[in-house]
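Peer 1: The following file, final_17.txt, comprises compact mmCIF, C-alpha atoms:
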```txt
# COMPACT_ATOMS: atom_id res chain seq x y z
CA MET Z 1 96.52 88.75 107.81
CA ARG Z 2 95.45 85.43 109.31
CA ALA Z 3 93.18 87.27 111.74
CA LEU Z 4 91.23 88.63 108.76
CA LEU Z 5 90.57 85.24 107.17
CA PRO Z 6 87.03 83.79 107.40
CA ALA Z 7 86.85 80.50 109.30
CA LEU Z 8 84.92 78.34 106.83
CA ARG Z 9 85.73 79.63 103.34
CA PRO Z 10 88.51 81.45 101.49
CA ALA Z 11 88.73 85.21 101.91
CA LEU Z 12 87.21 87.23 99.07
CA VAL Z 13 89.12 90.40 98.20
CA LEU Z 14 88.54 93.28 95.78
CA ALA Z 15 91.55 93.73 93.50
CA PRO Z 16 92.83 97.29 93.08
CA MET Z 17 92.29 98.64 89.57
CA GLN Z 18 93.77 102.06 88.97
CA ALA Z 19 91.20 104.79 88.22
CA ILE Z 20 88.28 102.34 88.61
CA THR Z 21 88.12 100.79 92.12
CA ASP Z 22 88.00 104.16 93.85
CA LEU Z 23 85.83 105.32 96.75
CA PRO Z 24 82.70 105.84 94.57
CA PHE Z 25 83.03 102.28 93.26
CA MET Z 26 83.53 100.88 96.75
CA ARG Z 27 80.34 102.61 97.91
CA VAL Z 28 78.33 101.27 94.99
CA LEU Z 29 79.77 97.77 95.33
CA ALA Z 30 78.95 97.68 99.04
CA LYS Z 31 75.22 98.05 98.28
CA ARG Z 32 75.35 94.82 96.26
CA SER Z 33 78.01 92.64 97.85
CA LEU Z 34 81.08 93.10 100.00
CA PRO Z 35 84.56 91.60 99.90
CA ASP Z 36 86.22 90.62 103.15
CA TRP Z 37 88.69 93.46 102.63
CA PHE Z 38 89.65 96.13 100.13
CA VAL Z 39 93.01 97.12 98.65
CA THR Z 40 93.34 100.73 97.51
CA GLU Z 41 94.52 101.91 94.15
CA TYR Z 42 98.26 102.36 94.44
CA PHE Z 43 99.93 105.32 96.12
CA ARG Z 44 102.95 106.32 94.05
CA ALA Z 45 106.16 106.58 96.08
CA HIS Z 46 109.11 108.50 94.63
CA PRO Z 47 111.46 111.22 95.95
CA ALA Z 48 108.99 114.04 95.21
CA SER Z 49 105.79 112.19 96.18
CA SER Z 50 103.28 112.86 98.92
CA LEU Z 51 100.17 110.90 99.82
CA ASN Z 52 97.38 111.31 97.28
CA ARG Z 53 94.56 112.96 99.24
CA GLN Z 54 91.85 111.56 97.00
CA LEU Z 55 93.12 107.99 97.42
CA LEU Z 56 93.27 108.50 101.18
CA ARG Z 57 89.51 108.99 101.20
CA ALA Z 58 89.09 105.32 100.26
CA ILE Z 59 90.57 104.67 103.71
CA THR Z 60 89.23 107.53 105.83
CA GLU Z 61 85.72 107.65 104.34
CA ASN Z 62 85.14 103.96 103.73
CA ALA Z 63 81.98 103.31 105.71
CA THR Z 64 81.63 99.63 104.80
CA GLY Z 65 83.17 98.36 108.02
CA ARG Z 66 85.62 96.22 106.06
CA PRO Z 67 89.42 96.48 106.44
CA VAL Z 68 91.38 98.43 103.83
CA PHE Z 69 94.98 97.74 102.82
CA ALA Z 70 96.93 100.66 101.38
CA GLN Z 71 98.91 99.69 98.28
CA LEU Z 72 102.24 101.30 97.42
CA ILE Z 73 104.11 101.29 94.12
CA GLY Z 74 107.67 102.43 93.58
CA ALA Z 75 111.31 101.34 93.59
CA ASP Z 76 112.98 103.93 95.85
CA LEU Z 77 113.26 102.53 99.38
CA PRO Z 78 113.42 105.86 101.27
CA SER Z 79 110.32 107.08 99.40
CA LEU Z 80 108.44 103.84 100.07
CA LEU Z 81 109.37 104.01 103.76
CA ARG Z 82 108.28 107.64 103.98
CA SER Z 83 104.91 106.78 102.42
CA ALA Z 84 104.45 103.68 104.58
CA THR Z 85 105.14 105.74 107.72
CA ALA Z 86 102.68 108.42 106.64
CA LEU Z 87 99.99 105.81 105.86
CA ALA Z 88 100.44 104.20 109.27
CA ALA Z 89 98.77 107.27 110.78
CA TYR Z 90 95.50 106.23 109.09
CA PRO Z 91 93.18 103.30 109.90
CA ILE Z 92 94.71 100.81 107.45
CA ALA Z 93 94.78 97.04 107.78
CA GLY Z 94 98.32 96.98 106.41
CA ILE Z 95 100.70 98.03 103.64
CA ASP Z 96 100.69 96.13 100.34
CA LEU Z 97 103.55 96.45 97.82
CA ASN Z 98 102.64 96.29 94.13
CA LEU Z 99 104.95 93.97 92.19
CA GLY Z 100 102.39 93.11 89.55
CA CYS Z 101 101.44 96.17 87.49
CA PRO Z 102 102.36 95.38 83.86
CA ALA Z 103 101.92 98.92 82.48
CA PRO Z 104 105.01 99.72 80.35
CA ILE Z 105 105.37 103.22 81.83
CA VAL Z 106 105.52 101.68 85.32
CA CYS Z 107 107.89 98.85 84.39
CA ARG Z 108 110.30 101.24 82.65
CA LYS Z 109 110.77 102.89 86.06
CA ALA Z 110 111.59 99.48 87.60
CA ALA Z 111 108.40 99.72 89.66
CA GLY Z 112 105.39 97.41 89.82
CA GLY Z 113 106.05 94.30 87.76
CA GLY Z 114 109.32 95.87 86.60
CA LEU Z 115 110.86 95.06 89.99
CA LEU Z 116 110.69 91.36 89.17
CA ARG Z 117 113.44 91.78 86.56
CA ASP Z 118 116.03 92.32 89.29
CA PRO Z 119 115.57 89.77 92.10
CA GLU Z 120 118.56 91.01 94.08
CA ALA Z 121 117.29 94.61 94.09
CA LEU Z 122 113.86 93.29 95.07
CA ASN Z 123 115.43 91.28 97.88
CA ARG Z 124 117.09 94.39 99.30
CA LEU Z 125 113.89 96.43 98.93
CA LEU Z 126 111.72 93.89 100.73
CA GLY Z 127 114.29 93.57 103.49
CA GLY Z 128 114.26 97.31 104.09
CA LEU Z 129 110.47 97.50 104.07
CA ARG Z 130 109.94 94.49 106.33
CA ALA Z 131 112.41 95.81 108.87
CA ALA Z 132 110.65 99.19 109.04
CA ILE Z 133 106.95 98.31 108.78
CA ALA Z 134 105.63 97.35 112.20
CA GLY Z 135 102.15 96.34 111.04
CA ARG Z 136 101.00 93.96 108.35
CA PHE Z 137 103.14 93.99 105.24
CA THR Z 138 101.88 92.09 102.20
CA VAL Z 139 102.93 91.78 98.58
CA LYS Z 140 101.05 91.42 95.29
CA THR Z 141 103.11 89.79 92.55
CA ARG Z 142 103.16 88.08 89.17
CA ILE Z 143 104.80 84.67 88.63
CA GLY Z 144 107.74 86.26 86.83
CA TYR Z 145 108.58 89.05 84.45
CA THR Z 146 109.32 87.08 81.28
CA HIS Z 147 108.54 83.46 82.18
CA CYS Z 148 107.26 81.40 85.10
CA GLY Z 149 110.66 79.79 85.60
CA GLU Z 150 111.59 82.94 87.52
CA PHE Z 151 109.03 82.23 90.23
CA PRO Z 152 110.99 79.77 92.44
CA ARG Z 153 113.65 82.43 93.05
CA LEU Z 154 110.93 84.98 93.85
CA LEU Z 155 109.35 82.55 96.30
CA ASP Z 156 112.69 82.19 98.09
CA ILE Z 157 112.85 85.97 98.46
CA PHE Z 158 109.28 86.28 99.75
CA ARG Z 159 109.85 83.46 102.25
CA SER Z 160 113.03 85.06 103.58
CA HIS Z 161 111.36 88.31 104.63
CA ALA Z 162 108.44 87.08 106.76
CA ILE Z 163 105.79 88.92 104.78
CA ASP Z 164 102.27 88.63 106.16
CA GLY Z 165 100.56 87.66 102.94
CA LEU Z 166 101.20 87.14 99.24
CA THR Z 167 98.68 87.76 96.46
CA ILE Z 168 99.61 86.10 93.16
CA HIS Z 169 98.26 87.12 89.78
CA ALA Z 170 99.25 83.86 88.14
CA ARG Z 171 100.49 85.30 84.86
CA THR Z 172 103.85 86.84 83.98
CA VAL Z 173 104.23 90.59 83.63
CA GLN Z 174 104.74 90.24 79.88
CA GLN Z 175 101.49 88.30 79.58
CA GLY Z 176 99.58 91.28 80.93
CA TYR Z 177 95.99 90.06 81.10
CA ARG Z 178 96.20 87.65 78.19
CA GLY Z 179 95.79 83.89 78.27
CA PRO Z 180 94.94 81.55 81.13
CA VAL Z 181 96.39 81.84 84.61
CA GLN Z 182 98.70 79.10 85.93
CA PRO Z 183 97.27 77.79 89.21
CA ALA Z 184 100.15 75.37 89.77
CA TRP Z 185 102.41 78.28 90.78
CA VAL Z 186 99.85 79.51 93.31
CA GLN Z 187 99.69 75.99 94.71
CA ALA Z 188 103.50 75.93 94.92
CA ALA Z 189 103.42 79.17 96.92
CA VAL Z 190 100.74 77.79 99.26
CA ARG Z 191 103.01 74.83 99.99
CA ALA Z 192 106.20 76.88 100.32
CA LEU Z 193 105.15 79.92 102.36
CA PRO Z 194 104.07 80.16 105.99
CA CYS Z 195 101.85 83.18 105.24
CA PRO Z 196 98.39 83.19 103.61
CA VAL Z 197 98.40 83.14 99.80
CA ILE Z 198 95.66 84.86 97.78
CA ALA Z 199 94.96 83.69 94.21
CA ASN Z 200 94.18 86.35 91.59
CA GLY Z 201 93.26 86.36 87.91
CA ASN Z 202 90.43 84.98 85.72
CA ILE Z 203 87.73 84.65 88.39
CA VAL Z 204 84.50 85.62 86.63
CA ASP Z 205 81.84 83.59 88.45
CA ALA Z 206 81.28 80.92 91.10
CA PRO Z 207 82.52 77.94 89.05
CA THR Z 208 85.83 79.62 88.21
CA ALA Z 209 86.27 80.67 91.86
CA LEU Z 210 85.56 77.16 93.13
CA ALA Z 211 87.92 75.64 90.56
CA TYR Z 212 90.75 78.09 91.35
CA HIS Z 213 90.40 77.41 95.06
CA ARG Z 214 90.22 73.64 94.56
CA ARG Z 215 93.35 73.65 92.40
CA THR Z 216 95.46 75.85 94.69
CA GLY Z 217 94.26 75.58 98.28
CA ALA Z 218 94.71 79.36 98.49
CA ALA Z 219 93.59 81.15 101.64
CA GLY Z 220 91.72 83.70 99.55
CA LEU Z 221 90.61 84.79 96.11
CA MET Z 222 91.06 88.28 94.70
CA ILE Z 223 88.65 89.54 92.02
CA GLY Z 224 89.03 92.71 89.94
CA ARG Z 225 87.56 92.74 86.45
CA GLY Z 226 84.94 90.18 87.41
CA ALA Z 227 83.69 92.48 90.19
CA ILE Z 228 83.48 95.48 87.86
CA ARG Z 229 81.38 93.47 85.41
CA ASN Z 230 79.31 91.89 88.19
CA PRO Z 231 79.19 93.75 91.54
CA TRP Z 232 77.09 90.91 93.02
CA ILE Z 233 79.98 88.48 92.63
CA PHE Z 234 81.15 88.52 96.25
CA ALA Z 235 77.67 87.61 97.52
CA GLN Z 236 77.42 84.93 94.82
CA LEU Z 237 80.78 83.44 95.83
CA GLN Z 238 79.85 83.50 99.52
CA ALA Z 239 76.68 81.59 98.61
CA ALA Z 240 78.67 79.09 96.52
CA PHE Z 241 81.06 78.34 99.38
CA ASP Z 242 78.20 78.23 101.91
CA GLY Z 243 76.02 76.03 99.71
CA THR Z 244 73.14 78.51 99.60
CA LEU Z 245 71.22 80.01 96.68
CA PRO Z 246 72.93 82.98 95.00
CA VAL Z 247 71.37 86.23 93.87
CA ILE Z 248 70.69 86.27 90.11
CA PRO Z 249 70.71 89.92 88.95
CA THR Z 250 68.68 91.14 85.99
CA HIS Z 251 69.42 93.61 83.24
CA ARG Z 252 67.39 96.16 85.18
CA ASP Z 253 69.57 95.56 88.23
CA LEU Z 254 72.59 96.28 86.05
CA LEU Z 255 70.99 99.50 84.82
CA GLU Z 256 70.47 100.60 88.43
CA TYR Z 257 74.12 99.76 89.19
CA ILE Z 258 75.25 101.96 86.29
CA ARG Z 259 72.99 104.82 87.42
CA ASP Z 260 74.22 104.50 90.99
CA LEU Z 261 77.86 104.47 89.92
CA SER Z 262 77.35 107.44 87.61
CA GLY Z 263 75.77 109.43 90.43
CA GLU Z 264 78.57 108.62 92.88
CA ILE Z 265 81.30 109.50 90.38
CA ALA Z 266 79.58 112.77 89.45
CA ARG Z 267 79.14 113.67 93.11
CA GLU Z 268 82.84 113.14 93.78
CA ALA Z 269 84.07 115.15 90.78
CA PRO Z 270 85.62 118.54 91.73
CA ARG Z 271 83.75 120.00 88.76
CA TYR Z 272 81.14 118.05 86.83
CA GLU Z 273 81.82 118.13 83.10
CA PRO Z 274 79.24 116.13 81.10
CA LEU Z 275 81.43 114.93 78.24
CA GLY Z 276 84.30 114.04 80.56
CA HIS Z 277 81.87 112.19 82.80
CA VAL Z 278 80.69 110.06 79.87
CA GLN Z 279 84.28 109.17 79.05
CA ARG Z 280 84.87 108.15 82.67
CA MET Z 281 81.76 105.98 82.65
CA LYS Z 282 82.76 104.39 79.35
CA ARG Z 283 86.03 103.22 80.94
CA THR Z 284 84.01 101.15 83.40
CA LEU Z 285 81.32 100.19 80.86
CA GLY Z 286 84.02 98.42 78.87
CA TYR Z 287 83.86 95.72 81.54
CA ILE Z 288 80.15 95.97 82.34
CA SER Z 289 78.85 95.77 78.76
CA HIS Z 290 81.16 92.94 77.75
CA GLY Z 291 79.17 89.83 76.89
CA LEU Z 292 75.82 91.60 76.57
CA ALA Z 293 74.24 92.46 73.20
CA PRO Z 294 77.12 93.14 70.74
CA GLU Z 295 75.44 96.29 69.43
CA PHE Z 296 75.21 97.68 72.99
CA GLU Z 297 78.93 97.19 73.55
CA LEU Z 298 79.75 98.69 70.16
CA HIS Z 299 77.52 101.75 70.47
CA ILE Z 300 78.56 102.47 74.07
CA ARG Z 301 82.18 102.70 72.92
CA ARG Z 302 81.18 105.25 70.27
CA CYS Z 303 78.75 107.45 72.20
CA ALA Z 304 79.90 110.89 73.34
CA THR Z 305 77.08 112.68 75.17
CA PRO Z 306 75.06 111.88 78.31
CA ALA Z 307 71.89 111.72 76.25
CA GLU Z 308 73.37 109.10 73.93
CA PHE Z 309 74.82 107.16 76.85
CA TRP Z 310 71.57 106.92 78.81
CA SER Z 311 69.46 106.27 75.73
CA LEU Z 312 71.61 103.23 74.96
CA CYS Z 313 71.54 102.00 78.55
CA ASP Z 314 67.77 102.33 78.79
CA ALA Z 315 67.18 100.67 75.42
CA HIS Z 316 69.33 97.62 76.20
CA LEU Z 317 69.01 97.16 79.96
CA ALA Z 318 65.43 98.05 80.96
CA SER Z 319 64.46 94.39 81.16
CA ASP Z 320 63.87 91.81 83.86
CA ALA Z 321 65.73 89.12 81.93
CA PRO Z 322 68.58 87.60 83.98
CA LEU Z 323 72.11 88.69 83.16
CA PRO Z 324 74.51 86.17 81.62
CA LEU Z 325 76.48 84.54 84.42
CA ARG Z 326 79.85 84.87 82.67
CA PRO Z 327 81.54 86.59 79.73
CA PRO Z 328 81.85 84.84 76.36
CA VAL Z 329 84.36 81.99 76.40
CA THR Z 330 86.09 83.67 73.44
CA SER Z 331 86.54 86.90 75.42
CA GLN Z 332 89.86 88.73 75.11
CA LEU Z 333 89.03 91.01 78.03
CA PHE Z 334 88.52 88.01 80.33
CA SER Z 335 91.07 85.89 78.55
CA GLY Z 336 91.32 82.15 79.24
CA PHE Z 337 88.95 81.91 82.22
CA ALA Z 338 87.28 78.70 81.00
CA GLU Z 339 90.55 76.78 81.31
CA LEU Z 340 90.36 77.03 85.07
CA GLU Z 341 87.45 74.59 85.04
CA GLU Z 342 88.57 72.45 82.11
CA GLU Z 343 91.80 71.47 83.85
CA ALA Z 344 90.41 71.23 87.35
```
Please, can you express the file's structure as structure tokens?

Peer 2:
Amino acid sequence: MRALLPALRPALVLAPMQAITDLPFMRVLAKRSLPDWFVTEYFRAHPASSLNRQLLRAITENATGRPVFAQLIGADLPSLLRSATALAAYPIAGIDLNLGCPAPIVCRKAAGGGLLRDPEALNRLLGGLRAAIAGRFTVKTRIGYTHCGEFPRLLDIFRSHAIDGLTIHARTVQQGYRGPVQPAWVQAAVRALPCPVIANGNIVDAPTALAYHRRTGAAGLMIGRGAIRNPWIFAQLQAAFDGTLPVIPTHRDLLEYIRDLSGEIAREAPRYEPLGHVQRMKRTLGYISHGLAPEFELHIRRCATPAEFWSLCDAHLASDAPLPLRPPVTSQLFSGFAELEEEA
């Protein structure tokens, strides 16, 4: 991974978000700003699994010129090895193992964040994967399943298997996406591990990115929800680290982003179904509309037809007024981001 790191600033990485950061989103994002590399939505690995052909397109049809890591999720070593071997036939930058997903259905299968409950099983799994994966092998983790006191043992395991990079969402699995992140544990990993460490969680704008980097010394920053809400964020962060003026998007720019994303998603659908398309767009609009006019956010959640959807977007976004730089400090969706700066 070190070969992928920029020389004069931390790497900026798009976080994988299942059913959102797909190929259409990557295409739309690339027109506005680009991360230094992408990580795919996760490929499920279990005894009956095969590679998801749609997810593969984020690798084979990604025309951005940026590297793409393929993320795996699962707990069965033979299945993970089979998937990793199959993925190695494609132009990937490496294999990333998901140890961070907090979804209950995933954790009940001892996959994703659920693997953190059994450090010894995790130790065996990582050993088997590291021994078999010839290319880059990275891990994305939380700082524990129940509490952060579990993290020192996890760090010992990660250090013992010569992984090529570690991304840390600095909350526990049980926290989900609630409350502030804990940068001290990212800093501890930076000091303890020989591989690059990427800090994840609560980055919503340039000040939070600068504060997270200052407090951790991480080699990179991974942004998920903040990039959905603001697809210009990678260019803005590059400007912040370079000391240049950032782009300041307007409401009209946001409207064009929504139209562009809608068109890409519709084009990729096997069969366009208007009502289903609106529901798909609303899943992303939950992040995009957050922090704009309260009535826009409320009515978008309730609309059902394309006509309603676009009427609301046009009414609230056809303006050259600049967008707010960050979500509300009281946000539950972007919970606790302001504490990154307050404690810096």

Peer 1: Provide the CA of Pro91 in chain Z to CA of Ala132 in chain Z distance in Å, to one decimal place.

Peer 2: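 About the pair CA of Pro91 in chain Z and CA of Ala132 in chain Z: they are 18.0 Å apart.
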
Peer 1: Could you work out how far CA of Ala30 in chain Z lies from CA of Pro231 in chain Z, giving the answer in Å with one decimal?

Peer 2: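 Between CA of Pro231 in chain Z and CA of Ala30 in chain Z the gap is 8.5 Å.
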
Peer 1: Which polymer residues have any atom within 10 Å of an atom of range 171-177 of chain Z, counting only C-alpha atoms, with same-chain residues fewer than 6 positions away left out, as a ChimeraX atom specification?

Peer 2: /Z:99-104,107,112-114,116-117,141-151,183,185,200-202,332-336

Peer 1: Can you list every residue of range 126-181 of chain Z that has an atom at most 10 Å from range 211-226 of chain Z, with its nearest atom pair and the distance in Å to one decimal, using only C-alpha atoms, ordered by chain then number, as a tab-separated table?

Peer 2:
```
residue	atom	partner	partner_atom	distance
Z:Gly165	CA	Z:Ala219	CA	9.6
Z:Leu166	CA	Z:Ala219	CA	10.0
Z:Thr167	CA	Z:Met222	CA	7.8
Z:Ile168	CA	Z:Met222	CA	9.0
Z:His169	CA	Z:Met222	CA	8.8
Z:Val181	CA	Z:Tyr212	CA	9.6
```

Peer 1: Which residue gives the smallest distance to Arg32 in chain Z among Z:Thr60, Z:Gln187, Z:Gln236, Z:Asn52, with all atoms listed in the file counted?

Peer 2: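 The answer is Z:Gln236, which sits nearest to Arg32 in chain Z.
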
Peer 1: Figure out the distance between CA of Phe69 in chain Z and CA of Arg2 in chain Z, please, to one decimal in Å.

Peer 2: 13.9 Å

Peer 1: In terms of the shortest atom-to-atom distance over all atoms listed in the file, which of Z:Ile198, Z:Leu275, Z:Pro10, Z:Val39 is closest to Asp242 in chain Z?

Peer 2: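 Of all the options, Z:Pro10 lies closest to Asp242 in chain Z.
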
Peer 1: Which is closest to Leu51 in chain Z among Z:Ile203, Z:Met281, Z:Ala321, Z:Ala84, if we use all atoms listed in the file?

Peer 2: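 Looking only at the distances to Leu51 in chain Z, the closest residue turns out to be Z:Ala84.
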
Peer 1: Residues near Phe43 in chain Z, anyone? I mean within 12 Å using all atoms listed in the file, not counting same-chain ones fewer than 2 positions away, as an MDAnalysis selection string.

Peer 2: chainID Z and resid 16 18:19 39:41 45:46 49:56 58 69:74 79:80 82:84 86:87 95:98 112

Peer 1: If we count all atoms listed in the file and set the cut-off at 8 Å, which residues sit around Ala240 in chain Z, ignoring sequence neighbours fewer than 5 positions away in its own chain? Please answer as a list in words.

Peer 2: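 Using all atoms listed in the file, the neighbours found are Ala206, Leu210, Leu245 and Pro246 of chain Z.
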
Peer 1: List the neighbours of range 21-24 of chain Z out to 6 Å using only C-alpha atoms; skip same-chain residues closer than 2 positions along the sequence, and give me the result as a ChimeraX atom specification.

Peer 2: /Z:16-17,26-27,58,264-265

Peer 1: From the list Z:Asn230, Z:Ser262, Z:Thr305, Z:Gln279, which residue is nearest Pro324 in chain Z when using all atoms listed in the file?

Peer 2: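 Selected residue with least distance to Pro324 in chain Z: Z:Asn230.
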
Peer 1: Starting from the point (83.5, 93.9, 79.9), work out which residues of protein, DNA or RNA have an atom no more than 8 Å away when counting all atoms listed in the file; state them as a list in words.

Peer 2: Arg225, Arg229, Leu285, Gly286, Tyr287, Ile288, Ser289, His290, Gly291, Pro327, Leu333 and Phe334 of chain Z

Peer 1: Could you write range 98-126 of chain Z of the block just shown to a file containing N, CA and C atoms, as a tab-separated table (two decimals), in the first residue's frame?

Peer 2:
```tsv
chain	number	residue	atom	x	y	z
Z	98	ASN	N	-13.27	-7.18	5.50
Z	98	ASN	CA	-14.18	-6.37	6.30
Z	98	ASN	C	-14.32	-6.97	7.71
Z	99	LEU	N	-13.83	-6.24	8.70
Z	99	LEU	CA	-14.02	-6.59	10.11
Z	99	LEU	C	-14.79	-5.49	10.83
Z	100	GLY	N	-15.51	-4.68	10.08
Z	100	GLY	CA	-16.13	-3.51	10.69
Z	100	GLY	C	-17.63	-3.40	10.55
Z	101	CYS	N	-18.25	-4.16	9.63
Z	101	CYS	CA	-19.68	-4.00	9.41
Z	101	CYS	C	-20.44	-4.31	10.69
Z	102	PRO	N	-21.28	-3.38	11.18
Z	102	PRO	CA	-22.00	-3.59	12.43
Z	102	PRO	C	-23.41	-4.14	12.24
Z	103	ALA	N	-23.81	-4.44	11.00
Z	103	ALA	CA	-25.19	-4.90	10.75
Z	103	ALA	C	-25.45	-6.18	11.55
Z	104	PRO	N	-26.52	-6.24	12.32
Z	104	PRO	CA	-26.80	-7.42	13.15
Z	104	PRO	C	-26.83	-8.72	12.36
Z	105	ILE	N	-27.41	-8.69	11.15
Z	105	ILE	CA	-27.51	-9.92	10.36
Z	105	ILE	C	-26.12	-10.42	9.97
Z	106	VAL	N	-25.18	-9.52	9.78
Z	106	VAL	CA	-23.80	-9.90	9.46
Z	106	VAL	C	-23.10	-10.42	10.70
Z	107	CYS	N	-23.23	-9.70	11.81
Z	107	CYS	CA	-22.53	-10.09	13.04
Z	107	CYS	C	-23.04	-11.42	13.59
Z	108	ARG	N	-24.31	-11.73	13.39
Z	108	ARG	CA	-24.84	-13.02	13.86
Z	108	ARG	C	-24.17	-14.19	13.16
Z	109	LYS	N	-23.64	-13.93	11.95
Z	109	LYS	CA	-22.93	-14.98	11.20
Z	109	LYS	C	-21.44	-14.97	11.50
Z	110	ALA	N	-21.04	-14.21	12.53
Z	110	ALA	CA	-19.63	-14.09	12.92
Z	110	ALA	C	-18.79	-13.53	11.77
Z	111	ALA	N	-19.40	-12.69	10.94
Z	111	ALA	CA	-18.68	-12.04	9.86
Z	111	ALA	C	-18.62	-10.54	10.15
Z	112	GLY	N	-17.89	-9.79	9.32
Z	112	GLY	CA	-17.79	-8.36	9.53
Z	112	GLY	C	-17.30	-8.06	10.94
Z	113	GLY	N	-17.96	-7.12	11.60
Z	113	GLY	CA	-17.59	-6.79	12.97
Z	113	GLY	C	-17.76	-7.94	13.94
Z	114	GLY	N	-18.60	-8.91	13.59
Z	114	GLY	CA	-18.81	-10.07	14.46
Z	114	GLY	C	-17.55	-10.89	14.69
Z	115	LEU	N	-16.59	-10.82	13.76
Z	115	LEU	CA	-15.34	-11.56	13.92
Z	115	LEU	C	-14.52	-11.04	15.10
Z	116	LEU	N	-14.75	-9.80	15.49
Z	116	LEU	CA	-13.96	-9.23	16.58
Z	116	LEU	C	-14.30	-9.83	17.93
Z	117	ARG	N	-15.43	-10.54	18.02
Z	117	ARG	CA	-15.80	-11.17	19.30
Z	117	ARG	C	-14.93	-12.36	19.64
Z	118	ASP	N	-14.24	-12.92	18.65
Z	118	ASP	CA	-13.43	-14.12	18.88
Z	118	ASP	C	-12.02	-13.88	18.34
Z	119	PRO	N	-11.16	-13.24	19.13
Z	119	PRO	CA	-9.82	-12.91	18.64
Z	119	PRO	C	-9.01	-14.12	18.17
Z	120	GLU	N	-9.17	-15.26	18.83
Z	120	GLU	CA	-8.38	-16.42	18.43
Z	120	GLU	C	-8.82	-16.94	17.06
Z	121	ALA	N	-10.14	-16.96	16.82
Z	121	ALA	CA	-10.62	-17.35	15.49
Z	121	ALA	C	-10.16	-16.35	14.44
Z	122	LEU	N	-10.18	-15.07	14.78
Z	122	LEU	CA	-9.70	-14.04	13.86
Z	122	LEU	C	-8.22	-14.23	13.57
Z	123	ASN	N	-7.46	-14.55	14.58
Z	123	ASN	CA	-6.03	-14.78	14.41
Z	123	ASN	C	-5.76	-15.89	13.41
Z	124	ARG	N	-6.50	-16.99	13.55
Z	124	ARG	CA	-6.33	-18.11	12.62
Z	124	ARG	C	-6.75	-17.71	11.20
Z	125	LEU	N	-7.85	-16.96	11.09
Z	125	LEU	CA	-8.35	-16.55	9.78
Z	125	LEU	C	-7.35	-15.66	9.07
Z	126	LEU	N	-6.82	-14.67	9.78
Z	126	LEU	CA	-5.86	-13.76	9.16
Z	126	LEU	C	-4.59	-14.49	8.76
```
